[in-house]
$ cat query_28.cif   # mmCIF, C-alpha atoms
data_entry
#
loop_
_atom_site.label_atom_id
_atom_site.label_comp_id
_atom_site.auth_asym_id
_atom_site.auth_seq_id
_atom_site.Cartn_x
_atom_site.Cartn_y
_atom_site.Cartn_z
CA MET A 1 0.00 0.00 0.00
CA ALA A 2 1.54 3.31 -1.10
CA ARG A 3 1.90 6.15 1.38
CA PRO A 4 0.20 9.46 0.64
CA PRO A 5 2.43 12.09 -0.95
CA GLY A 6 1.99 14.33 2.10
CA THR A 7 3.47 11.71 4.41
CA LEU A 8 6.51 11.21 2.18
CA LEU A 9 7.11 14.94 2.00
CA LEU A 10 6.88 15.18 5.79
CA LEU A 11 9.43 12.38 6.27
CA LEU A 12 11.78 13.95 3.73
CA LEU A 13 11.49 17.35 5.39
CA ARG A 14 12.20 15.83 8.79
CA LEU A 15 15.28 14.05 7.43
CA LEU A 16 16.58 17.26 5.92
CA LEU A 17 16.06 19.09 9.19
CA GLN A 18 17.99 16.42 11.06
CA LEU A 19 20.89 16.60 8.63
CA ALA A 20 20.93 20.37 8.79
CA ALA A 21 20.92 20.33 12.59
CA ALA A 22 23.57 17.63 12.85
CA GLY A 23 26.02 19.04 10.31
CA ARG A 24 28.11 22.05 11.31
CA PRO A 25 30.81 23.68 9.20
CA CYS A 26 34.29 23.28 10.66
CA GLY A 27 36.73 24.80 8.23
CA PRO A 28 39.38 27.51 8.27
CA ALA A 29 38.38 31.11 8.67
CA ARG A 30 38.12 33.00 5.40
CA LEU A 31 41.08 35.17 4.52
CA SER A 32 40.90 38.48 2.69
CA ARG A 33 42.69 38.91 -0.65
CA ASP A 34 45.51 40.93 0.89
CA THR A 35 46.25 38.35 3.62
CA VAL A 36 49.18 35.92 3.32
CA LEU A 37 49.30 32.82 5.52
CA GLY A 38 52.61 31.57 6.90
CA ARG A 39 53.35 28.40 8.86
CA LEU A 40 55.12 28.56 12.21
CA GLY A 41 58.87 27.91 11.82
CA ALA A 42 58.79 28.05 8.00
CA ASN A 43 60.34 30.56 5.59
CA ILE A 44 58.23 32.84 3.43
CA THR A 45 58.95 35.30 0.62
CA LEU A 46 56.78 38.38 0.17
CA THR A 47 56.68 39.91 -3.32
CA CYS A 48 55.96 43.57 -3.89
CA GLN A 49 55.09 43.61 -7.63
CA ASP A 50 55.54 41.34 -10.61
CA GLU A 51 57.55 43.96 -12.48
CA VAL A 52 59.51 46.82 -10.99
CA SER A 53 61.80 49.29 -12.73
CA THR A 54 65.46 48.46 -12.30
CA ASN A 55 66.20 52.05 -11.33
CA ALA A 56 63.56 52.10 -8.58
CA THR A 57 64.49 51.39 -4.95
CA VAL A 58 61.80 49.40 -3.21
CA LEU A 59 61.65 49.75 0.59
CA TRP A 60 59.82 47.28 2.87
CA GLN A 61 58.25 48.35 6.14
CA VAL A 62 56.20 46.66 8.87
CA GLU A 63 53.75 48.29 11.22
CA ASP A 64 54.91 47.96 14.79
CA GLN A 65 52.05 46.34 16.70
CA GLY A 66 53.18 47.83 20.02
CA ALA A 67 53.51 51.41 18.78
CA ALA A 68 50.68 53.93 18.92
CA GLY A 69 49.90 56.04 15.89
CA GLY A 70 50.83 53.45 13.25
CA TRP A 71 54.62 53.81 13.45
CA ARG A 72 56.40 51.76 10.81
CA ARG A 73 59.74 50.02 11.07
CA GLN A 74 62.01 49.72 8.01
CA LEU A 75 63.11 46.22 7.09
CA ALA A 76 65.02 45.85 3.81
CA GLU A 77 65.26 46.96 0.20
CA GLY A 78 64.30 44.97 -2.86
CA ASN A 79 61.24 43.72 -4.69
CA THR A 80 61.08 40.61 -2.44
CA LEU A 81 61.33 40.23 1.31
CA LEU A 82 62.51 36.92 2.80
CA LEU A 83 61.40 36.10 6.34
CA ARG A 84 63.05 33.07 7.96
CA ARG A 85 61.74 30.80 10.70
CA LEU A 86 58.44 32.54 11.20
CA ARG A 87 57.19 33.26 14.71
CA TYR A 88 53.79 34.35 15.89
CA GLU A 89 55.30 37.78 16.54
CA ASP A 90 56.01 38.15 12.80
CA SER A 91 52.30 38.50 12.08
CA GLY A 92 51.41 42.04 11.05
CA HIS A 93 50.90 44.52 8.23
CA TYR A 94 53.73 44.79 5.70
CA SER A 95 54.05 47.36 2.93
CA CYS A 96 56.44 48.13 0.10
CA SER A 97 56.92 51.54 -1.52
CA VAL A 98 59.16 53.57 -3.83
CA GLY A 99 59.87 56.84 -2.18
CA SER A 100 56.54 58.12 -0.87
CA HIS A 101 54.53 56.05 -3.39
CA LEU A 102 52.88 52.98 -1.83
CA LEU A 103 53.05 49.96 -4.13
CA ARG A 104 51.46 47.22 -2.03
CA SER A 105 50.15 46.57 1.48
CA LEU A 106 49.47 43.09 2.80
CA ARG A 107 48.83 41.28 6.05
CA LEU A 108 50.97 38.35 7.15
CA LEU A 109 49.29 35.84 9.44
CA VAL A 110 51.40 33.14 11.14
CA ALA A 111 49.29 30.19 12.30
CA GLU A 112 49.27 26.42 12.73
CA PRO A 113 46.30 24.15 11.95
CA PRO A 114 44.50 23.19 15.18
CA GLU A 115 44.70 19.78 16.79
CA THR A 116 41.78 17.37 16.56
CA PRO A 117 39.69 17.51 19.78
CA GLN A 118 39.60 14.38 21.95
CA VAL A 119 36.56 15.28 24.05
CA PHE A 120 35.83 14.09 27.58
CA CYS A 121 32.58 15.17 29.29
CA TYR A 122 31.96 15.14 33.07
CA ARG A 123 30.33 16.89 36.01
CA ARG A 124 32.22 18.59 38.82
CA SER A 125 29.60 17.28 41.27
CA HIS A 126 26.26 15.52 41.13
CA ASP A 127 24.30 18.80 40.93
CA LYS A 128 26.58 20.77 38.57
CA ASP A 129 26.37 21.40 34.85
CA VAL A 130 28.07 19.12 32.36
CA LEU A 131 31.52 20.24 31.17
CA CYS A 132 33.39 18.97 28.13
CA GLU A 133 37.11 19.45 27.70
CA TRP A 134 40.06 18.27 25.66
CA PRO A 135 43.82 18.74 26.12
CA GLN A 136 46.24 20.45 23.75
CA GLN A 137 49.74 19.19 23.05
CA GLU A 138 50.86 22.61 21.81
CA LYS A 139 49.67 26.12 22.48
CA PRO A 140 47.01 27.03 19.88
CA SER A 141 47.74 29.78 17.39
CA PRO A 142 46.41 33.26 18.11
CA GLY A 143 42.87 33.63 16.87
CA THR A 144 41.98 29.95 17.36
CA ARG A 145 38.27 29.49 18.04
CA ALA A 146 36.63 26.46 19.71
CA VAL A 147 32.89 25.81 19.59
CA LEU A 148 30.63 23.11 21.03
CA TRP A 149 27.14 22.20 19.77
CA VAL A 150 24.50 20.17 21.66
CA LYS A 151 21.20 18.76 20.38
CA ARG A 152 18.83 15.98 21.32
CA ARG A 153 19.31 12.86 19.29
CA PHE A 154 16.68 12.03 16.62
CA MET A 155 15.03 15.42 17.11
CA ALA A 156 14.40 17.93 14.32
CA GLU A 157 15.81 20.93 16.12
CA ASN A 158 18.70 23.32 15.89
CA ALA A 159 21.71 22.63 18.04
CA THR A 160 22.64 25.09 20.77
CA GLU A 161 26.07 26.65 20.30
CA GLN A 162 28.54 27.34 23.09
CA ARG A 163 31.94 29.03 22.86
CA CYS A 164 34.77 27.22 24.62
CA ARG A 165 37.54 28.75 26.70
CA TYR A 166 41.23 27.91 26.57
CA PHE A 167 43.15 27.61 29.87
CA SER A 168 46.84 28.19 29.21
CA LYS A 169 48.15 26.75 32.50
CA ALA A 170 46.16 23.53 32.14
CA ARG A 171 46.65 23.58 28.33
CA LYS A 172 43.09 22.55 27.54
CA PHE A 173 39.79 23.82 26.15
CA VAL A 174 36.72 23.71 28.42
CA CYS A 175 33.09 24.11 27.34
CA ARG A 176 29.89 24.24 29.38
CA VAL A 177 27.07 22.13 27.93
CA LYS A 178 23.76 23.96 27.61
CA VAL A 179 21.12 21.27 27.89
CA PRO A 180 17.94 21.97 25.86
CA PRO A 181 14.92 22.73 28.09
CA GLY A 182 12.73 19.77 29.00
CA THR A 183 15.51 17.19 28.60
CA ASP A 184 15.27 14.31 31.05
CA ASP A 185 18.27 12.45 32.45
CA THR A 186 17.91 9.48 30.10
CA ARG A 187 17.56 11.45 26.85
CA HIS A 188 20.48 10.97 24.47
CA LEU A 189 22.35 14.12 23.55
CA VAL A 190 24.71 14.63 20.62
CA VAL A 191 27.79 16.72 21.44
CA SER A 192 29.86 18.08 18.54
CA THR A 193 33.05 20.14 18.70
CA CYS A 194 35.07 22.21 16.26
CA VAL A 195 38.38 24.07 16.54
CA SER A 196 39.36 26.43 13.73
CA ASN A 197 41.69 29.28 12.84
CA SER A 198 43.06 30.85 9.69
CA ALA A 199 45.28 27.84 8.96
CA GLY A 200 42.53 25.21 9.10
CA GLY A 201 39.73 23.57 11.05
CA SER A 202 39.34 20.28 12.88
CA ALA A 203 36.16 18.62 14.13
CA GLY A 204 36.05 16.17 17.00
CA LYS A 205 34.13 12.92 16.89
CA ASP A 206 30.51 13.30 17.98
CA LYS A 207 29.79 12.04 21.49
CA ILE A 208 26.47 10.52 22.57
CA ILE A 209 25.80 11.20 26.25
CA THR A 210 22.98 11.18 28.78
CA LEU A 211 22.81 13.33 31.86
CA SER A 212 22.57 10.25 34.07
CA SER A 213 25.64 8.58 32.57
CA VAL A 214 28.03 11.53 32.62
CA PRO A 215 30.84 10.65 35.05
CA VAL A 216 31.63 12.82 38.07
CA LYS A 217 35.08 14.38 38.16
CA PRO A 218 35.53 16.66 41.20
CA ASP A 219 37.69 19.74 41.31
CA PRO A 220 41.04 19.27 43.09
CA PRO A 221 41.20 19.74 46.88
CA VAL A 222 42.23 23.21 48.03
CA ASN A 223 44.16 24.78 50.92
CA VAL A 224 46.69 21.95 51.12
CA THR A 225 49.19 22.54 53.93
CA VAL A 226 52.13 20.51 55.30
CA GLU A 227 53.21 21.05 58.90
CA ALA A 228 55.96 19.57 61.06
CA LEU A 229 55.12 17.90 64.38
CA GLU A 230 57.28 18.87 67.35
CA LYS A 231 59.77 16.23 68.51
CA ALA A 232 58.77 13.99 65.57
CA PRO A 233 61.66 14.03 63.06
CA GLN A 234 59.96 11.58 60.65
CA ARG A 235 56.36 12.86 60.71
CA LEU A 236 54.43 15.45 58.71
CA GLN A 237 50.82 16.58 59.16
CA VAL A 238 48.95 17.21 55.87
CA ASN A 239 45.63 19.08 55.84
CA TRP A 240 43.31 20.13 52.99
CA SER A 241 39.75 21.27 52.27
CA TYR A 242 36.89 20.25 49.98
CA PRO A 243 36.64 22.23 46.72
CA SER A 244 33.95 24.91 46.73
CA SER A 245 32.10 23.15 43.91
CA TRP A 246 31.42 20.06 46.08
CA ASP A 247 28.86 20.11 48.91
CA PRO A 248 29.84 17.48 51.53
CA ARG A 249 26.39 17.62 53.10
CA PHE A 250 25.03 15.34 50.37
CA TYR A 251 28.01 13.32 49.13
CA TRP A 252 31.48 12.85 50.52
CA LEU A 253 34.78 12.49 48.76
CA ARG A 254 37.60 10.06 49.25
CA PHE A 255 41.17 11.16 48.70
CA GLN A 256 44.54 9.99 47.53
CA VAL A 257 47.73 11.59 48.84
CA ARG A 258 51.14 11.38 47.23
CA TYR A 259 54.42 12.73 48.59
CA ARG A 260 58.13 12.60 47.84
CA PRO A 261 61.35 13.96 49.37
CA GLU A 262 63.24 16.43 47.24
CA PRO A 263 64.87 15.93 44.81
CA ALA A 264 63.51 12.38 44.30
CA GLN A 265 61.06 12.02 41.40
CA THR A 266 59.13 8.96 42.58
CA PHE A 267 56.03 9.57 44.71
CA MET A 268 54.80 7.39 47.55
CA GLU A 269 50.98 7.17 47.61
CA VAL A 270 48.35 6.64 50.29
CA ASP A 271 44.88 5.53 49.12
CA GLN A 272 41.42 5.34 50.67
CA VAL A 273 41.74 8.47 52.79
CA THR A 274 38.28 9.57 53.97
CA THR A 275 39.34 12.45 56.22
CA THR A 276 40.76 15.83 55.23
CA TRP A 277 44.08 15.20 56.94
CA LEU A 278 46.89 12.64 56.90
CA ASP A 279 49.76 11.90 59.28
CA ILE A 280 52.88 10.90 57.34
CA ARG A 281 55.09 8.76 59.59
CA ASP A 282 57.98 7.81 57.30
CA ALA A 283 59.25 11.21 56.18
CA TRP A 284 62.97 11.66 55.59
CA ARG A 285 64.77 13.47 58.40
CA GLY A 286 65.67 17.08 57.68
CA THR A 287 64.43 16.90 54.06
CA ARG A 288 61.78 19.03 52.38
CA HIS A 289 58.83 17.03 51.02
CA VAL A 290 56.40 17.78 48.18
CA VAL A 291 52.77 16.74 48.79
CA GLN A 292 49.70 16.67 46.51
CA VAL A 293 46.11 15.48 47.01
CA ARG A 294 43.32 14.47 44.62
CA ALA A 295 39.68 13.48 45.14
CA LYS A 296 37.02 11.10 43.87
CA ASP A 297 33.38 10.35 44.58
CA GLU A 298 33.02 8.40 47.86
CA PHE A 299 31.46 5.43 46.04
CA GLY A 300 34.28 5.27 43.49
CA HIS A 301 32.11 6.47 40.60
CA GLY A 302 33.52 8.71 37.92
CA ALA A 303 37.11 9.83 37.63
CA TRP A 304 39.82 11.19 39.88
CA SER A 305 40.23 14.95 40.03
CA GLU A 306 43.39 16.63 38.89
CA TRP A 307 46.17 16.75 41.47
CA SER A 308 46.10 19.74 43.78
CA GLN A 309 48.76 22.39 43.75
CA GLU A 310 52.01 21.30 45.34
CA ALA A 311 52.52 21.98 49.04
CA VAL A 312 55.89 21.59 50.77
CA GLY A 313 57.05 20.95 54.32
CA THR A 314 60.08 19.74 56.31
CA PRO A 315 59.94 17.48 59.42
CA TRP A 316 60.89 18.86 62.81
CA THR A 317 64.62 18.99 63.53
CA ASP A 318 66.23 19.10 66.98
CA PRO A 319 68.92 21.82 66.84
CA TRP A 320 70.88 20.09 69.65
CA ASP A 321 70.76 16.62 68.20
CA LEU A 322 73.84 15.74 66.13
CA THR A 323 71.99 12.82 64.55
CA SER A 324 69.65 15.28 62.86
CA GLU A 325 72.57 16.25 60.62
CA MET A 326 73.00 12.72 59.37
CA GLU A 327 71.70 11.38 56.08
CA PRO A 328 67.90 11.22 55.59
CA PHE A 329 66.40 7.83 56.28
CA SER A 330 63.12 6.46 55.00
CA SER A 331 61.48 3.23 56.01
CA GLN A 332 59.73 3.07 52.62
CA VAL A 333 62.01 3.32 49.60
CA PRO A 334 61.04 2.01 46.12
CA MET A 335 62.69 -1.34 45.45
CA GLU A 336 63.75 -2.81 42.11
CA ASP A 337 60.55 -4.84 41.82
CA GLY A 338 58.37 -1.75 42.22
CA THR A 339 57.42 -2.46 45.84
CA TYR A 340 58.38 -0.55 48.98
CA GLY A 341 60.65 -2.03 51.63
CA VAL A 342 62.85 -1.13 54.58
CA THR A 343 66.18 0.23 53.40
CA LEU A 344 69.28 1.46 55.21
CA ILE A 345 71.04 4.66 54.30
CA PRO A 346 72.67 4.04 50.87
CA ARG A 347 75.77 6.13 51.61
CA LEU A 348 76.77 3.90 54.52
CA PHE A 349 77.67 1.21 51.97
CA GLU A 350 78.86 3.57 49.20
CA GLU A 351 76.07 2.39 46.89
CA ASP A 352 74.42 4.33 44.07
CA ASP A 353 70.91 3.03 43.45
CA THR A 354 69.89 5.54 40.76
CA ASP A 355 69.27 2.69 38.32
CA SER A 356 66.56 1.15 40.49
CA ALA A 357 62.87 1.50 39.72
CA GLY A 358 61.82 5.09 40.10
CA GLY A 359 65.32 6.36 40.85
CA SER A 360 64.19 7.66 44.21
CA VAL A 361 67.58 7.61 45.96
CA MET A 362 68.57 11.20 46.62
CA GLU A 363 71.68 12.67 45.01
CA SER A 364 74.79 13.03 47.10
CA SER A 365 75.20 16.70 46.23
CA THR A 366 71.90 17.57 47.81
CA HIS A 367 72.07 15.41 50.94
CA PRO A 368 73.06 16.97 54.26
CA VAL A 369 76.21 15.13 55.38
CA ALA A 370 77.54 14.30 58.84
CA SER A 371 79.04 17.31 60.61
CA PRO A 372 82.89 17.45 60.50
CA TYR A 373 82.91 18.72 64.11
CA ALA A 374 81.49 15.40 65.29
CA PHE A 375 84.41 13.57 63.68
CA LEU A 376 86.93 16.01 65.21
CA VAL A 377 85.51 15.59 68.70
CA THR A 378 85.44 11.80 68.35
CA GLY A 379 89.03 11.67 67.04
CA ALA A 380 90.37 13.95 69.75
CA SER A 381 88.64 11.91 72.45
CA LEU A 382 90.11 8.72 71.05
CA LEU A 383 93.65 10.13 70.93
CA LEU A 384 93.36 11.48 74.48
CA GLY A 385 92.18 8.08 75.73
CA ILE A 386 95.11 6.32 74.03
CA ALA A 387 97.61 8.81 75.51
CA LEU A 388 96.23 8.35 79.01
CA PHE A 389 96.39 4.57 78.64
CA VAL A 390 100.02 4.66 77.48
CA ALA A 391 101.00 7.02 80.35
CA ILE A 392 99.38 4.74 82.93
CA MET A 393 101.12 1.67 81.52
CA VAL A 394 104.54 3.40 81.47
CA GLN A 395 104.14 4.61 85.06
CA ALA A 396 103.12 1.13 86.25
CA ASP A 397 106.14 -0.41 84.55
CA MET A 398 108.48 2.09 86.21
CA VAL A 399 107.00 1.36 89.65
CA ASP A 400 107.50 -2.40 89.17
CA LYS A 401 111.13 -1.88 88.10
CA ARG A 402 111.98 0.25 91.15
CA ALA A 403 110.50 -2.38 93.50
CA GLY A 404 112.67 -5.06 91.89
CA ASP A 405 115.84 -3.02 92.37
CA ASP A 406 115.09 -2.48 96.08
CA GLN A 407 114.64 -6.21 96.61
CA ALA A 408 117.91 -6.98 94.83
CA ARG A 409 119.89 -4.66 97.15
CA GLY A 410 118.49 -6.34 100.28
CA ARG A 411 119.34 -9.88 99.08
CA GLY A 412 122.61 -9.30 97.20
CA THR A 413 124.10 -12.83 97.24
CA ALA A 414 120.92 -14.56 96.42
CA TYR A 415 120.08 -12.20 93.56
CA ALA A 416 123.49 -11.21 91.97
CA GLY A 417 126.23 -13.74 93.39
CA SER A 418 129.34 -12.94 95.61
CA PRO A 419 130.71 -9.50 95.02
CA THR A 420 134.45 -8.81 94.58
CA PRO A 421 136.00 -7.70 97.89
CA PRO A 422 137.42 -4.16 97.95
CA PRO A 423 141.24 -3.78 97.85
CA THR A 424 143.10 -3.67 101.22
CA ARG A 425 144.35 -0.23 102.23
CA THR A 426 148.22 -0.30 103.10
CA GLN A 427 149.61 1.57 106.03
#

$ encode --input "query_28.cif" --output "structure tokens"
Amino acid sequence: MARPPGTLLLLLLRLLLQLAAAGRPCGPARLSRDTVLGRLGANITLTCQDEVSTNATVLWQVEDQGAAGGWRRQLAEGNTLLLRRLRYEDSGHYSCSVGSHLLRSLRLLVAEPPETPQVFCYRRSHDKDVLCEWPQQEKPSPGTRAVLWVKRRFMAENATEQRCRYFSKARKFVCRVKVPPGTDDTRHLVVSTCVSNSAGGSAGKDKIITLSSVPVKPDPPVNVTVEALEKAPQRLQVNWSYPSSWDPRFYWLRFQVRYRPEPAQTFMEVDQVTTTWLDIRDAWRGTRHVVQVRAKDEFGHGAWSEWSQEAVGTPWTDPWDLTSEMEPFSSQVPMEDGTYGVTLIPRLFEEDDTDSAGGSVMESSTHPVASPYAFLVTGASLLLGIALFVAIMVQADMVDKRAGDDQARGRGTAYAGSPTPPPTRTQ
């Protein structure tokens, strides 16, 4: 049975509306006729005119972007201008002239095609809006524009457009998803992204999401502090706070803490922390430690937050204790098999364990060494003891010898034999 022509037209119109709503242009921005595009790091040659009189002197100038009033800086003479290893700072307005007669003015734009977005969508908490973001390997060219579109799947409607913001420190684009009114948590949404500039455009792969399935990724913990505990040379007290975007009255967070002594690169981690503080009991004596904290939903749903900003602290040191000047000691040092075990001070055995997993043994140039005064005091005490011992032994030997001589005089015949009689005196 054939369908009425009106029904077919309605289906065709609906299909066209869906295609129009789903498709979004993602190409390079249009350039004017007097604009020349150059690639970052490449060489480019600017030409003034096809034919120039041999007697004419062509002078190239560029408008200084930082100067007020359109001040121009002279570059070189000749019909062509060669620019090597282009930088973003080379973008600007260039002109060539003969005397006061302007021959040509053009705009040079240095740009790189944008990277393809790899989009990840999440919520900062259970009651917050959906955010979509993607990282950048390199800093985007000036003038790069990122856009996100959202529409309900299988619906003949226009997509809502949202501009995205680039965060230079985190090196990523972030967009806030505007959910169409009346959308329930199980409705499928189509999320499309596009990044474009004068050098090109790149569209990310469409993502199909629902509000109920978007993972939760909290913001990092804030106000992280590291404090020493008095008379505890191997302990550090770490404290932090919930991020302002998370309300602990409804859901809690669990935390992960990582720390390392400087300048070691391998972190030691503590999982399943449900409080907003941690007592580190195996810190290295007299060594500054770097500590970071991240958070996750208490039930383990979603993803870990980014690591917090680094906080540093040094364990308490007794100024009168000579042992505090000895090498740092940790009861948990990464072993070759990736585990942590009890380890003595490496320098006591003249070992260099930098080839072990993680390379966490601290460098000798940065370790506090044993005080030379301790060795001087110990050596002097030892020498004094030896001298006293030798003096006592010599004195005892002399006393014994004198006693033997006295006994020999009292018992002359028994000890030394008959003496020779003295000569007789004559009258």

$ atom_distance --input "query_28.cif" --atom1 "CA of Ala29 (chain A)" --atom2 "CA of Thr80 (chain A)"
27.0 Å

$ atom_distance --input "query_28.cif" --atom1 "CA of Glu51 (chain A)" --atom2 "CA of Arg87 (chain A)"
29.2 Å

$ atom_distance --input "query_28.cif" --atom1 "CA of Leu46 (chain A)" --atom2 "CA of Leu83 (chain A)"
8.0 Å

$ closest_residue --input "query_28.cif" --among "A:Val195, A:Val214, A:Val174, A:Leu103" --to "Asp127 (chain A)" --atoms "all atoms listed in the file"
A:Val214

$ resolve_selection --input "query_28.cif" --expression "the PyMOL selection byres ((chain A and resi 189) around 9)" --output "JSON, numbers by chain"
{"A": [150, 151, 152, 153, 179, 187, 188, 190, 191, 207, 208, 209, 210, 211]}
